[in-house]
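Next comes start-v1.pdb, a file with PDB, C-alpha atoms.
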ATOM      1  CA  VAL A   8      23.292  20.234   6.779
ATOM      2  CA  MET A   9      25.909  19.072   9.250
ATOM      3  CA  LEU A  10      25.140  16.997  12.319
ATOM      4  CA  GLU A  11      27.711  16.622  15.076
ATOM      5  CA  CYS A  12      27.162  13.897  17.649
ATOM      6  CA  THR A  13      28.555  13.648  21.161
ATOM      7  CA  TYR A  14      29.118  10.081  22.321
ATOM      8  CA  GLY A  15      29.206   8.847  25.893
ATOM      9  CA  SER A  16      31.366   5.725  26.047
ATOM     10  CA  ALA A  17      33.726   6.758  28.853
ATOM     11  CA  HIS A  18      32.446   3.841  30.946
ATOM     12  CA  ASN A  19      33.782   1.295  28.425
ATOM     13  CA  THR A  20      37.103  -0.408  29.072
ATOM     14  CA  GLN A  21      37.808  -1.214  25.417
ATOM     15  CA  THR A  22      37.689   0.677  22.121
ATOM     16  CA  VAL A  23      34.171   1.324  20.828
ATOM     17  CA  TYR A  24      33.760   1.612  17.063
ATOM     18  CA  GLY A  25      31.052   3.555  15.293
ATOM     19  CA  GLY A  26      28.439   1.486  13.495
ATOM     20  CA  LEU A  27      24.935   0.081  13.554
ATOM     21  CA  GLY A  28      25.596  -2.837  15.934
ATOM     22  CA  THR A  29      24.351  -2.900  19.511
ATOM     23  CA  ASP A  30      27.973  -2.797  20.719
ATOM     24  CA  SER A  31      28.752   0.255  18.533
ATOM     25  CA  GLU A  32      28.337   3.978  18.997
ATOM     26  CA  MET A  33      25.786   5.313  16.541
ATOM     27  CA  CYS A  34      24.311   8.612  15.561
ATOM     28  CA  GLN A  35      21.213   8.736  13.429
ATOM     29  CA  SER A  36      19.082  11.598  12.226
ATOM     30  CA  ALA A  37      16.072  12.085  10.031
ATOM     31  CA  LEU A  38      15.537  14.844   7.533
ATOM     32  CA  LEU A  39      12.408  15.626   5.602
ATOM     33  CA  TYR A  40      12.824  16.944   2.069
ATOM     34  CA  TYR A  41      10.799  17.631  -1.062
ATOM     35  CA  PRO A  42      10.465  16.537  -3.837
ATOM     36  CA  LYS A  43      10.679  12.832  -3.107
ATOM     37  CA  MET A  44      13.727  10.968  -4.419
ATOM     38  CA  LYS A  45      14.022   7.195  -4.481
ATOM     39  CA  LEU A  46      16.844   7.099  -1.942
ATOM     40  CA  SER A  47      16.771   4.634   0.926
ATOM     41  CA  PHE A  48      19.913   5.434   2.895
ATOM     42  CA  CYS A  49      22.669   8.014   3.140
ATOM     43  CA  THR A  50      25.746   7.844   5.342
ATOM     44  CA  SER A  51      28.961   9.693   6.024
ATOM     45  CA  PHE A  52      32.035   8.694   8.008
ATOM     46  CA  PRO A  53      35.703   9.622   8.285
ATOM     47  CA  THR A  54      37.989   7.776   5.875
ATOM     48  CA  PRO A  55      40.096   5.053   7.513
ATOM     49  CA  LEU A  56      43.311   6.997   6.843
ATOM     50  CA  SER A  57      41.800  10.111   8.462
ATOM     51  CA  VAL A  58      41.217   8.059  11.606
ATOM     52  CA  LEU A  59      44.614   6.336  11.634
ATOM     53  CA  SER A  60      46.664   9.420  10.759
ATOM     54  CA  PHE A  61      45.886  10.552  14.310
ATOM     55  CA  ALA A  62      48.268   7.788  15.461
ATOM     56  CA  GLY A  63      50.903   8.611  12.826
ATOM     57  CA  VAL A  64      49.836   6.254  10.036
ATOM     58  CA  GLU A  65      50.739   7.605   6.584
ATOM     59  CA  GLU A  66      49.389   4.910   4.239
ATOM     60  CA  ILE A  67      47.059   1.902   4.475
ATOM     61  CA  ASN A  68      45.880  -0.818   2.097
ATOM     62  CA  THR A  69      42.176  -0.051   1.588
ATOM     63  CA  GLU A  70      41.668  -3.152  -0.580
ATOM     64  CA  VAL A  71      41.407  -5.366   2.533
ATOM     65  CA  TYR A  72      38.131  -5.842   4.433
ATOM     66  CA  PRO A  73      36.771  -5.752   7.064
ATOM     67  CA  LEU A  74      37.900  -2.312   8.195
ATOM     68  CA  THR A  75      39.608  -3.550  11.358
ATOM     69  CA  SER A  76      41.825  -5.832   9.221
ATOM     70  CA  MET A  77      43.146  -3.110   6.868
ATOM     71  CA  PRO A  78      46.961  -3.280   7.049
ATOM     72  CA  VAL A  79      49.229  -0.296   7.597
ATOM     73  CA  VAL A  80      51.748   0.224   4.766
ATOM     74  CA  ARG A  81      53.674   3.256   6.070
ATOM     75  CA  PRO A  82      55.503   4.303   8.193
ATOM     76  CA  ALA A  83      57.826   1.301   8.178
ATOM     77  CA  HIS A  84      57.795   0.806  11.957
ATOM     78  CA  MET A  85      53.990   0.347  11.839
ATOM     79  CA  ALA A  86      53.871  -1.738   8.637
ATOM     80  CA  GLY A  87      51.911  -4.950   9.109
ATOM     81  CA  MET A  88      49.792  -3.575  11.947
ATOM     82  CA  THR A  89      46.062  -3.515  11.236
ATOM     83  CA  TYR A  90      43.522  -0.736  11.628
ATOM     84  CA  GLY A  91      42.286  -2.518  14.740
ATOM     85  CA  ASP A  92      45.810  -2.845  16.179
ATOM     86  CA  VAL A  93      46.462   0.878  15.783
ATOM     87  CA  VAL A  94      43.133   1.987  17.275
ATOM     88  CA  GLN A  95      43.411  -0.498  20.156
ATOM     89  CA  GLY A  96      46.927   0.803  20.849
ATOM     90  CA  ILE A  97      45.787   4.363  21.505
ATOM     91  CA  THR A  98      45.530   5.170  25.216
ATOM     92  CA  TRP A  99      42.281   7.110  25.421
ATOM     93  CA  ASN A 100      41.382   9.798  27.957
ATOM     94  CA  LYS A 101      39.271  12.963  27.783
ATOM     95  CA  ASN A 102      42.142  15.062  26.442
ATOM     96  CA  LYS A 103      43.053  12.470  23.784
ATOM     97  CA  ALA A 104      39.386  12.205  22.763
ATOM     98  CA  GLN A 105      39.171  16.003  22.331
ATOM     99  CA  GLN A 106      42.366  15.997  20.243
ATOM    100  CA  PHE A 107      40.934  13.178  18.109
ATOM    101  CA  ARG A 108      37.678  15.095  17.610
ATOM    102  CA  GLU A 109      39.583  18.152  16.369
ATOM    103  CA  HIS A 110      41.824  15.948  14.211
ATOM    104  CA  LEU A 111      38.825  14.366  12.473
ATOM    105  CA  LYS A 112      37.387  17.776  11.624
ATOM    106  CA  GLN A 113      40.497  18.394   9.492
ATOM    107  CA  GLY A 114      40.352  15.006   7.747
ATOM    108  CA  SER A 115      38.438  13.535   4.827
ATOM    109  CA  PHE A 116      34.951  12.070   5.014
ATOM    110  CA  PHE A 117      33.346   9.534   2.712
ATOM    111  CA  SER A 118      29.673  10.147   1.930
ATOM    112  CA  THR A 119      27.311   7.980  -0.081
ATOM    113  CA  CYS A 120      23.633   7.311  -0.677
ATOM    114  CA  SER A 121      21.879   4.250  -2.034
ATOM    115  CA  GLY A 122      18.629   4.000  -3.920
ATOM    116  CA  ASN A 123      15.466   2.065  -3.201
ATOM    117  CA  VAL A 124      15.032  -1.368  -4.812
ATOM    118  CA  ASP A 125      12.929   0.120  -7.643
ATOM    119  CA  SER A 126      15.145   3.181  -8.051
ATOM    120  CA  THR A 127      16.727   4.072 -11.371
ATOM    121  CA  ILE A 128      18.570   7.022  -9.856
ATOM    122  CA  ASP A 129      22.335   7.128 -10.389
ATOM    123  CA  THR A 130      23.616   7.316  -6.818
ATOM    124  CA  THR A 131      27.251   7.714  -7.894
ATOM    125  CA  GLN A 132      26.564  11.441  -8.052
ATOM    126  CA  TYR A 133      25.992  11.310  -4.269
ATOM    127  CA  THR A 134      29.218   9.417  -3.511
ATOM    128  CA  LYS A 135      32.312  11.452  -2.723
ATOM    129  CA  THR A 136      35.270  11.878  -0.420
ATOM    130  CA  THR A 137      35.751  15.412   0.799
ATOM    131  CA  SER A 138      36.782  17.573   3.724
ATOM    132  CA  LEU A 139      34.157  18.977   6.040
ATOM    133  CA  PRO A 140      33.001  22.449   5.092
ATOM    134  CA  LYS A 141      33.980  25.197   7.485
ATOM    135  CA  PRO A 142      30.902  26.416   9.355
ATOM    136  CA  GLU A 143      29.875  29.955   8.562
ATOM    137  CA  ARG A 144      29.042  30.451  12.222
ATOM    138  CA  GLN A 145      29.846  28.374  15.276
ATOM    139  CA  ASP A 146      26.549  28.337  17.156
ATOM    140  CA  THR A 147      22.998  28.209  15.914
ATOM    141  CA  VAL A 148      20.549  30.036  18.141
ATOM    142  CA  VAL A 149      16.862  29.240  17.890
ATOM    143  CA  SER A 150      14.597  31.986  19.186
ATOM    144  CA  ASP A 151      11.652  31.273  21.466
ATOM    145  CA  GLY A 152       8.574  30.237  19.592
ATOM    146  CA  VAL A 153       7.265  27.314  17.624
ATOM    147  CA  CYS A 154      10.718  25.845  16.914
ATOM    148  CA  SER A 155      12.165  26.440  20.362
ATOM    149  CA  THR A 156      13.374  23.540  22.472
ATOM    150  CA  GLY A 157      14.963  23.602  25.886
ATOM    151  CA  SER A 158      18.517  22.593  26.646
ATOM    152  CA  SER A 159      20.004  21.636  29.972
ATOM    153  CA  GLY A 160      23.568  22.540  29.114
ATOM    154  CA  PRO A 161      26.031  22.727  26.250
ATOM    155  CA  ILE A 162      25.091  19.324  24.835
ATOM    156  CA  VAL A 163      21.806  19.442  22.952
ATOM    157  CA  SER A 164      19.976  16.135  22.896
ATOM    158  CA  LEU A 165      19.498  14.355  19.580
ATOM    159  CA  LEU A 166      15.747  14.808  19.894
ATOM    160  CA  SER A 167      16.161  18.563  20.261
ATOM    161  CA  LEU A 168      18.478  18.617  17.269
ATOM    162  CA  LEU A 169      15.939  16.723  15.199
ATOM    163  CA  MET A 170      13.248  19.205  16.211
ATOM    164  CA  ILE A 171      15.485  22.090  15.142
ATOM    165  CA  LEU A 172      16.196  20.402  11.791
ATOM    166  CA  ILE A 173      12.529  19.667  11.163
ATOM    167  CA  CYS A 174      11.492  23.197  12.108
ATOM    168  CA  THR A 175      14.214  24.631   9.905
ATOM    169  CA  VAL A 176      13.031  22.591   6.944
ATOM    170  CA  LEU A 177       9.384  23.429   7.545
ATOM    171  CA  PHE A 178       9.618  27.101   8.405
ATOM    172  CA  VAL A 179      12.753  28.447   6.735
ATOM    173  CA  THR A 180      12.419  26.868   3.289
TER     174      THR A 180
END
Whole structure, structure tokens version:
Amino acid sequence: VMLECTYGSAHNTQTVYGGLGTDSEMCQSALLYYPKMKLSFCTSFPTPLSVLSFAGVEEINTEVYPLTSMPVVRPAHMAGMTYGDVVQGITWNKNKAQQFREHLKQGSFFSTCSGNVDSTIDTTQYTKTTSLPKPERQDTVVSDGVCSTGSSGPIVSLLSLLMILICTVLFVT
């Protein structure tokens, strides 16, 4: 299951990072599944190098935290800059944002899950870095009926997407 989110931060005058903070862009979804597994949280995000390669970065030191402090190693003219410096230095506009979106689709994503407190499940099997799979079809069309939701344009609301996911899980499987 792939979920693609559309963010609306054009009104901001500074870079907005993704995350769970109130000053961050976030995208959350819920998925029902069976049988129950003792997992509490799963997440996926582009690797830091996938983000920074958009600005020409070739190598970073991933041993340094937090993310915004990760130093650039190569190319030489960017060495010593941090993740935050590079991202802040990008002049964003609608065209640049679209290019970035397409760039990220070609990059690597890190995915991981963590278990509940009482879980004995080995979550390392759910941790990996990989490219996004190529969709088998571009658009999903839901016919009128019990799983149908309205849309007021090309951007489907998160609530509608959740309804489609829930209906797919309940009625297709």
Fill in: Output of the PyMOL selection byres ((chain A and resi 80-89) around 10), listed as a PyMOL selection string
chain A and resi 59+63-68+74-79+90-95
Fill in: Separation of CA of Pro55 (chain A) from CA of Asp129 (chain A), in Å and rounded to one decimal
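These two atoms are separated by 25.3 Å.
Checking A:Phe61, A:Ser138, A:Val71, A:Ser126 one by one against His110 (chain A), counting all atoms listed in the file, you find the shortest gap at A:Phe61.
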Fill in: Target residues per the PyMOL selection byres ((chain A and resi 37-50) around 6), formatted as a PyMOL selection string
chain A and resi 36+51+118-123+126
Worksheet item: With all atoms listed in the file as the basis for distance, which of A:Ser16, A:Thr54, A:Thr130, A:Thr69 is at the shortest distance from Phe117 (chain A)?
Response: A:Thr54
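Pairwise distance (CA of Ala104 (chain A), CA of Lys135 (chain A)) equals 26.5 Å.
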Incomplete region 109-134 of chain A filled out to N, CA and C atoms as a JSON list (two decimals), in the frame of the given file:
[["chain", "number", "residue", "atom", "x", "y", "z"],
["A", 109, "GLU", "N", 39.07, 17.03, 17.17],
["A", 109, "GLU", "CA", 39.58, 18.15, 16.37],
["A", 109, "GLU", "C", 40.35, 17.64, 15.15],
["A", 110, "HIS", "N", 41.09, 16.56, 15.32],
["A", 110, "HIS", "CA", 41.82, 15.95, 14.21],
["A", 110, "HIS", "C", 40.87, 15.51, 13.09],
["A", 111, "LEU", "N", 39.78, 14.84, 13.48],
["A", 111, "LEU", "CA", 38.83, 14.37, 12.47],
["A", 111, "LEU", "C", 38.19, 15.50, 11.69],
["A", 112, "LYS", "N", 37.98, 16.63, 12.32],
["A", 112, "LYS", "CA", 37.39, 17.78, 11.62],
["A", 112, "LYS", "C", 38.26, 18.26, 10.47],
["A", 113, "GLN", "N", 39.57, 17.98, 10.54],
["A", 113, "GLN", "CA", 40.50, 18.39, 9.49],
["A", 113, "GLN", "C", 40.69, 17.32, 8.43],
["A", 114, "GLY", "N", 40.14, 16.13, 8.65],
["A", 114, "GLY", "CA", 40.35, 15.01, 7.75],
["A", 114, "GLY", "C", 39.32, 14.91, 6.64],
["A", 115, "SER", "N", 39.36, 13.80, 5.93],
["A", 115, "SER", "CA", 38.44, 13.54, 4.83],
["A", 115, "SER", "C", 37.30, 12.64, 5.29],
["A", 116, "PHE", "N", 36.13, 12.87, 4.72],
["A", 116, "PHE", "CA", 34.95, 12.07, 5.01],
["A", 116, "PHE", "C", 34.42, 11.46, 3.73],
["A", 117, "PHE", "N", 33.96, 10.22, 3.83],
["A", 117, "PHE", "CA", 33.35, 9.53, 2.71],
["A", 117, "PHE", "C", 31.84, 9.60, 2.89],
["A", 118, "SER", "N", 31.13, 10.04, 1.89],
["A", 118, "SER", "CA", 29.67, 10.15, 1.93],
["A", 118, "SER", "C", 29.08, 9.40, 0.75],
["A", 119, "THR", "N", 27.98, 8.71, 0.99],
["A", 119, "THR", "CA", 27.31, 7.98, -0.08],
["A", 119, "THR", "C", 25.83, 7.80, 0.23],
["A", 120, "CYS", "N", 25.05, 7.62, -0.80],
["A", 120, "CYS", "CA", 23.63, 7.31, -0.68],
["A", 120, "CYS", "C", 23.33, 6.10, -1.55],
["A", 121, "SER", "N", 22.31, 5.37, -1.20],
["A", 121, "SER", "CA", 21.88, 4.25, -2.03],
["A", 121, "SER", "C", 20.40, 4.39, -2.33],
["A", 122, "GLY", "N", 20.01, 3.88, -3.48],
["A", 122, "GLY", "CA", 18.63, 4.00, -3.92],
["A", 122, "GLY", "C", 17.75, 2.88, -3.42],
["A", 123, "ASN", "N", 16.44, 3.11, -3.51],
["A", 123, "ASN", "CA", 15.47, 2.06, -3.20],
["A", 123, "ASN", "C", 15.60, 0.94, -4.22],
["A", 124, "VAL", "N", 14.98, -0.20, -3.93],
["A", 124, "VAL", "CA", 15.03, -1.37, -4.81],
["A", 124, "VAL", "C", 14.55, -1.01, -6.22],
["A", 125, "ASP", "N", 13.49, -0.22, -6.33],
["A", 125, "ASP", "CA", 12.93, 0.12, -7.64],
["A", 125, "ASP", "C", 13.51, 1.41, -8.23],
["A", 126, "SER", "N", 14.57, 1.91, -7.63],
["A", 126, "SER", "CA", 15.14, 3.18, -8.05],
["A", 126, "SER", "C", 15.98, 3.03, -9.32],
["A", 127, "THR", "N", 15.87, 4.00, -10.19],
["A", 127, "THR", "CA", 16.73, 4.07, -11.37],
["A", 127, "THR", "C", 17.71, 5.23, -11.24],
["A", 128, "ILE", "N", 17.72, 5.86, -10.07],
["A", 128, "ILE", "CA", 18.57, 7.02, -9.86],
["A", 128, "ILE", "C", 20.04, 6.60, -9.79],
["A", 129, "ASP", "N", 20.90, 7.39, -10.40],
["A", 129, "ASP", "CA", 22.34, 7.13, -10.39],
["A", 129, "ASP", "C", 22.90, 7.70, -9.10],
["A", 130, "THR", "N", 23.15, 6.84, -8.12],
["A", 130, "THR", "CA", 23.62, 7.32, -6.82],
["A", 130, "THR", "C", 25.10, 7.64, -6.80],
["A", 131, "THR", "N", 25.83, 7.37, -7.88],
["A", 131, "THR", "CA", 27.25, 7.71, -7.89],
["A", 131, "THR", "C", 27.45, 9.22, -7.77],
["A", 132, "GLN", "N", 26.45, 9.98, -8.19],
["A", 132, "GLN", "CA", 26.56, 11.44, -8.05],
["A", 132, "GLN", "C", 26.52, 11.88, -6.59],
["A", 133, "TYR", "N", 26.07, 11.00, -5.70],
["A", 133, "TYR", "CA", 25.99, 11.31, -4.27],
["A", 133, "TYR", "C", 27.13, 10.67, -3.48],
["A", 134, "THR", "N", 28.09, 10.08, -4.16],
["A", 134, "THR", "CA", 29.22, 9.42, -3.51],
["A", 134, "THR", "C", 30.46, 10.26, -3.71]]
